[in-house]
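Heads up: the structure comes next, in structure tokens.
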Amino acid sequence: MAKHITNRDQDYSQWYLDIVKEAKLADHSPVRGCMVIRPNGFALWENMKAALDSMFKDTGHENAYFPLFIPKSFLSKEAQHVEGFAKECAVVTHSRLKSVDGGVEVDPESRLDEELIVRPTSETIIWDSYRNWIQSYRDLPILINQWANVVRWEMRTRLFLRTMEFLWQEGHTAHASEKEAVEETLQMLNVYKTFAEEYMAMPVITGVKTASERFAGAVDTYCIEALMQDGKALQAGTSHFLGQNFAKAFDVKFQDKDGEHKFVWATSWGVSTRLIGGLIMTHSDDHGLVLPPKLAPTQVIIVPIYRNDEQRAEVLGYADPLIDELKQLGVRVKIDADDNTKPGFKFAQYEAEGIPLRIGVGPRDVKNGNLELARRDTLEKNIVPRDGAAEHVSGLLKTIQNDLFEAAKKRRDERTTFVNDYETFKKEIENGGFIYAHWDGTDETESKIKEETKATIRCIPLDDDKTESGECMVTGKPSESRVLFAKAY
RNA sequence: CGGGGAGUGGCGCAGGCCGGUAGCGCAUUCGCUUUGGGAGCGAAGGGUCGCAGGUUCAAAUCCUGUCUCCCCGACCA
């Protein structure tokens, strides 16, 4: 058991904070609800970005950048949208300060004619541009993504999971037909699912949100939902079919092949640094963070062990060629030849940081022509021959990636149940986990369940095997398919 | 915004009820010994106790006000 990390079962919140801190991912900032992302955390985010970005490019998208500030009037153009975001906006009202008695205060003379909103999301400012970009069907589709920061004035925050300012990507597309826009929405949902499962090794359920959980301004909100180790669900990404809502609000029309002027169809989709929170809670243990090899900034750490300078030179000479061999195979490897800390300290530190594989090399190994491999996910240690070690390590990283996904999927499936009556549901939901149950499709029933159990409908799953019909567990009315319930972050 | 907890060297905390020279652990610096699971010993440096008032000969401690952070709720496309 790591000294500095709280037991996961004892205090999950503290455990989570300890992981973030010990892995040096992020700190609290002086400003309430914001965070400082440290190099370890940012390197992880950059790897996630790179993988997502190439998936976006592969599906025909381009990156662009739109302004941080949005005129207040823009936000009010789409009724649902302003309703959804009005209560959590940072508003810029003045443009300068003035010195007063050695301090500074806002200069009342500098009040802005129209206040600026720090973007909580960029639909409005982007659709204002799209109006100018689109005249003909030949201008469509527009497939744009932006990497940006956004601000939402949250009451209660948590590092990575919900911060006032966060980093994300937001895709905003415009299409000539409804069919094409819906296809885009589902395509990007699948991109997110693939990323979550193949890179983060985090299994997700895809589905569509109920009306009450829908994005403000969307016709349909699709999502990926993951289950954390404490049994709570995390909405890990969303893809919205926006219909013609924003086109109408911003008067974006195109002339079609038939000569008719028509409103364009829209989508938007996003994932954020919240994914890092999800990654932490999916794989980590009481020794610290566990990173999947595909995303780990450092995949392999080599720790040399020696008693004196002579041994040090010998061990480093033995380990050195391995670094090049691993790099040749595309493995991100580092050696920690720092003489100031002992091996035991390094072992614990790199475990806390989640590095997938550790290689220990000491005089013993040099003598026997071996290496010691220690897996972060299982904490297993194995002696392997130095010959062919690079290939072995490269293969082992793939195994670890796969095993992490399988282990997470097993944990999720063990906490997933099918329930048919409300009394059982009330008992089951106390244990956390995913519950598939029937619901009559009404807001009333949904909010009754939320009030009485704190569980929400995470989504109406897209999986074929959940679409059996039945009767609502609360009202007994007919239900077309099971929906996914959980307590959520 | 409601309930709870906390602000004391870089970090984590004790002291507070009962006022009397500011303490511990980690970290830092130097020395020696160590190095296959978070090293040991010795020495050194570093704090106007969140802020502002008040009581007192004397306040980290008591009183009043105020700010901030964390946790649990409410809120959260």
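Scheme for the structure tokens: letters A, B, ... for chains in order shown; per-chain residue numbers from 1; ligand numbers from 1 in order shown.
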
Please return, as a CSV table (one decimal) with C-alpha atoms, in the first residue's frame, all residues of chain A lying within 8 Å of chain B when only C-alpha atoms (C1' of nucleotides) are considered.
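And here is the file that came out, part_19.csv:
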chain,number,residue,atom,x,y,z
A,3,LYS,CA,2.0,5.6,2.0
A,84,GLY,CA,-29.4,26.3,-20.4
A,85,PHE,CA,-26.3,28.4,-20.0
A,154,GLU,CA,-20.0,25.9,-11.6
A,155,MET,CA,-21.1,26.0,-7.9
A,213,GLU,CA,-30.7,15.6,-20.0
A,214,ARG,CA,-30.5,17.0,-23.5
A,215,PHE,CA,-28.0,19.7,-24.5
A,216,ALA,CA,-29.6,23.2,-24.5
A,305,ILE,CA,20.3,-0.4,-9.3
A,306,TYR,CA,23.9,-0.2,-8.0
A,307,ARG,CA,26.0,0.1,-4.9
A,342,LYS,CA,17.1,5.1,-3.9
A,343,PRO,CA,15.5,2.5,-6.1
A,344,GLY,CA,12.7,1.8,-3.7
A,345,PHE,CA,11.7,5.4,-3.8
A,346,LYS,CA,11.7,5.4,-7.5
A,347,PHE,CA,9.6,2.3,-7.7
A,348,ALA,CA,6.9,3.9,-5.5
A,349,GLN,CA,7.1,7.2,-7.4
A,362,GLY,CA,21.1,-4.3,-11.3

Query raised in the report: Near Gly388 in chain A, counting only C-alpha atoms (C1' of nucleotides), which residues have an atom at most 12 Å away, once you skip same-chain residues fewer than 5 positions from it, shown as a list in words?
Result: Leu322, Glu325, Leu326, Leu329, Gly369, Asn370, Leu371, Val393, Ser394 and Gly395 of chain A

Query - Best match for closeness to U48 in chain B among B:C63, B:A22, B:A6, B:C72, counting only C-alpha atoms (C1' of nucleotides) - result: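 When distances to U48 in chain B are compared using only C-alpha atoms (C1' of nucleotides), the smallest one comes from B:A22.
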
Which neighbours of Pro461 in chain A fall inside 10 Å, counting only C-alpha atoms (C1' of nucleotides), when residues of the same chain fewer than 5 positions from it are skipped, and could you give them as a PDB file with N, CA and C atoms, in the first residue's frame?
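Contents of result08.pdb, freshly written:
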ATOM      1  N   ILE A 205     -20.885   2.884 -22.764  1.00  0.00           N
ATOM      2  CA  ILE A 205     -22.190   2.595 -23.351  1.00  0.00           C
ATOM      3  C   ILE A 205     -22.572   3.803 -24.206  1.00  0.00           C
ATOM      4  N   THR A 206     -23.006   3.538 -25.430  1.00  0.00           N
ATOM      5  CA  THR A 206     -23.471   4.652 -26.254  1.00  0.00           C
ATOM      6  C   THR A 206     -24.993   4.692 -26.211  1.00  0.00           C
ATOM      7  N   GLY A 207     -25.512   5.909 -26.255  1.00  0.00           N
ATOM      8  CA  GLY A 207     -26.965   6.029 -26.226  1.00  0.00           C
ATOM      9  C   GLY A 207     -27.394   7.450 -26.488  1.00  0.00           C
ATOM     10  N   VAL A 208     -28.694   7.661 -26.365  1.00  0.00           N
ATOM     11  CA  VAL A 208     -29.235   8.999 -26.582  1.00  0.00           C
ATOM     12  C   VAL A 208     -29.847   9.478 -25.271  1.00  0.00           C
ATOM     13  N   LYS A 209     -29.711  10.783 -24.989  1.00  0.00           N
ATOM     14  CA  LYS A 209     -30.217  11.360 -23.746  1.00  0.00           C
ATOM     15  C   LYS A 209     -31.729  11.541 -23.800  1.00  0.00           C
ATOM     16  N   TYR A 222     -26.525  12.606 -28.086  1.00  0.00           N
ATOM     17  CA  TYR A 222     -25.978  11.261 -27.922  1.00  0.00           C
ATOM     18  C   TYR A 222     -24.779  11.334 -26.989  1.00  0.00           C
ATOM     19  N   CYS A 223     -24.493  10.239 -26.280  1.00  0.00           N
ATOM     20  CA  CYS A 223     -23.411  10.308 -25.309  1.00  0.00           C
ATOM     21  C   CYS A 223     -22.696   8.973 -25.170  1.00  0.00           C
ATOM     22  N   ILE A 224     -21.515   9.042 -24.596  1.00  0.00           N
ATOM     23  CA  ILE A 224     -20.864   7.818 -24.127  1.00  0.00           C
ATOM     24  C   ILE A 224     -20.838   7.894 -22.604  1.00  0.00           C
ATOM     25  N   GLU A 225     -21.213   6.801 -21.961  1.00  0.00           N
ATOM     26  CA  GLU A 225     -21.294   6.755 -20.501  1.00  0.00           C
ATOM     27  C   GLU A 225     -20.377   5.652 -19.977  1.00  0.00           C
ATOM     28  N   TYR A 436     -30.226  -1.570 -16.019  1.00  0.00           N
ATOM     29  CA  TYR A 436     -31.112  -1.485 -17.185  1.00  0.00           C
ATOM     30  C   TYR A 436     -32.526  -1.796 -16.722  1.00  0.00           C
ATOM     31  N   LYS A 466     -30.710  -4.286 -25.912  1.00  0.00           N
ATOM     32  CA  LYS A 466     -31.431  -3.611 -24.831  1.00  0.00           C
ATOM     33  C   LYS A 466     -32.797  -3.107 -25.325  1.00  0.00           C
ATOM     34  N   THR A 467     -33.121  -3.375 -26.583  1.00  0.00           N
ATOM     35  CA  THR A 467     -34.316  -2.763 -27.152  1.00  0.00           C
ATOM     36  C   THR A 467     -35.582  -3.608 -26.977  1.00  0.00           C
ATOM     37  N   SER A 481     -38.035   0.130 -24.828  1.00  0.00           N
ATOM     38  CA  SER A 481     -36.743  -0.507 -24.613  1.00  0.00           C
ATOM     39  C   SER A 481     -36.242  -0.180 -23.209  1.00  0.00           C
ATOM     40  N   ARG A 482     -35.300  -0.989 -22.748  1.00  0.00           N
ATOM     41  CA  ARG A 482     -34.696  -0.693 -21.453  1.00  0.00           C
ATOM     42  C   ARG A 482     -33.833   0.559 -21.572  1.00  0.00           C
ATOM     43  N   VAL A 483     -33.771   1.336 -20.481  1.00  0.00           N
ATOM     44  CA  VAL A 483     -32.885   2.505 -20.457  1.00  0.00           C
ATOM     45  C   VAL A 483     -31.855   2.296 -19.351  1.00  0.00           C
ATOM     46  N   LEU A 484     -30.780   3.037 -19.452  1.00  0.00           N
ATOM     47  CA  LEU A 484     -29.660   2.855 -18.529  1.00  0.00           C
ATOM     48  C   LEU A 484     -29.761   3.849 -17.379  1.00  0.00           C
TER      49      LEU A 484
END

Requested in this report: Just the alpha helix (DSSP H) stuff from range 111-241 of chain A, please, per backbone DSSP, written as a PyMOL selection string.
Outcome: chain A and resi 123-133+178-194

Requested in this report: May I ask for the distance between CA of Phe166 in chain A and CA of Val264 in chain A, given in Å to one decimal place?
Outcome: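 Interatomic distance here is 29.6 Å.
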
**Report entry** Polymer residues at most 7 Å from U61 in chain B, only C-alpha atoms (C1' of nucleotides), same-chain spacing of 2 or more positions, as number ranges by chain
**Finding:** B: 16, 19, 59

Report task. Name the residues of range 150-259 of chain A that fall into strand (DSSP E or B) according to DSSP on the backbone, using the chain letters and numbers of this document, as number ranges by chain. Result -> A: 150-151, 158, 162, 165-175, 205-208, 220-227, 233-243, 253-255
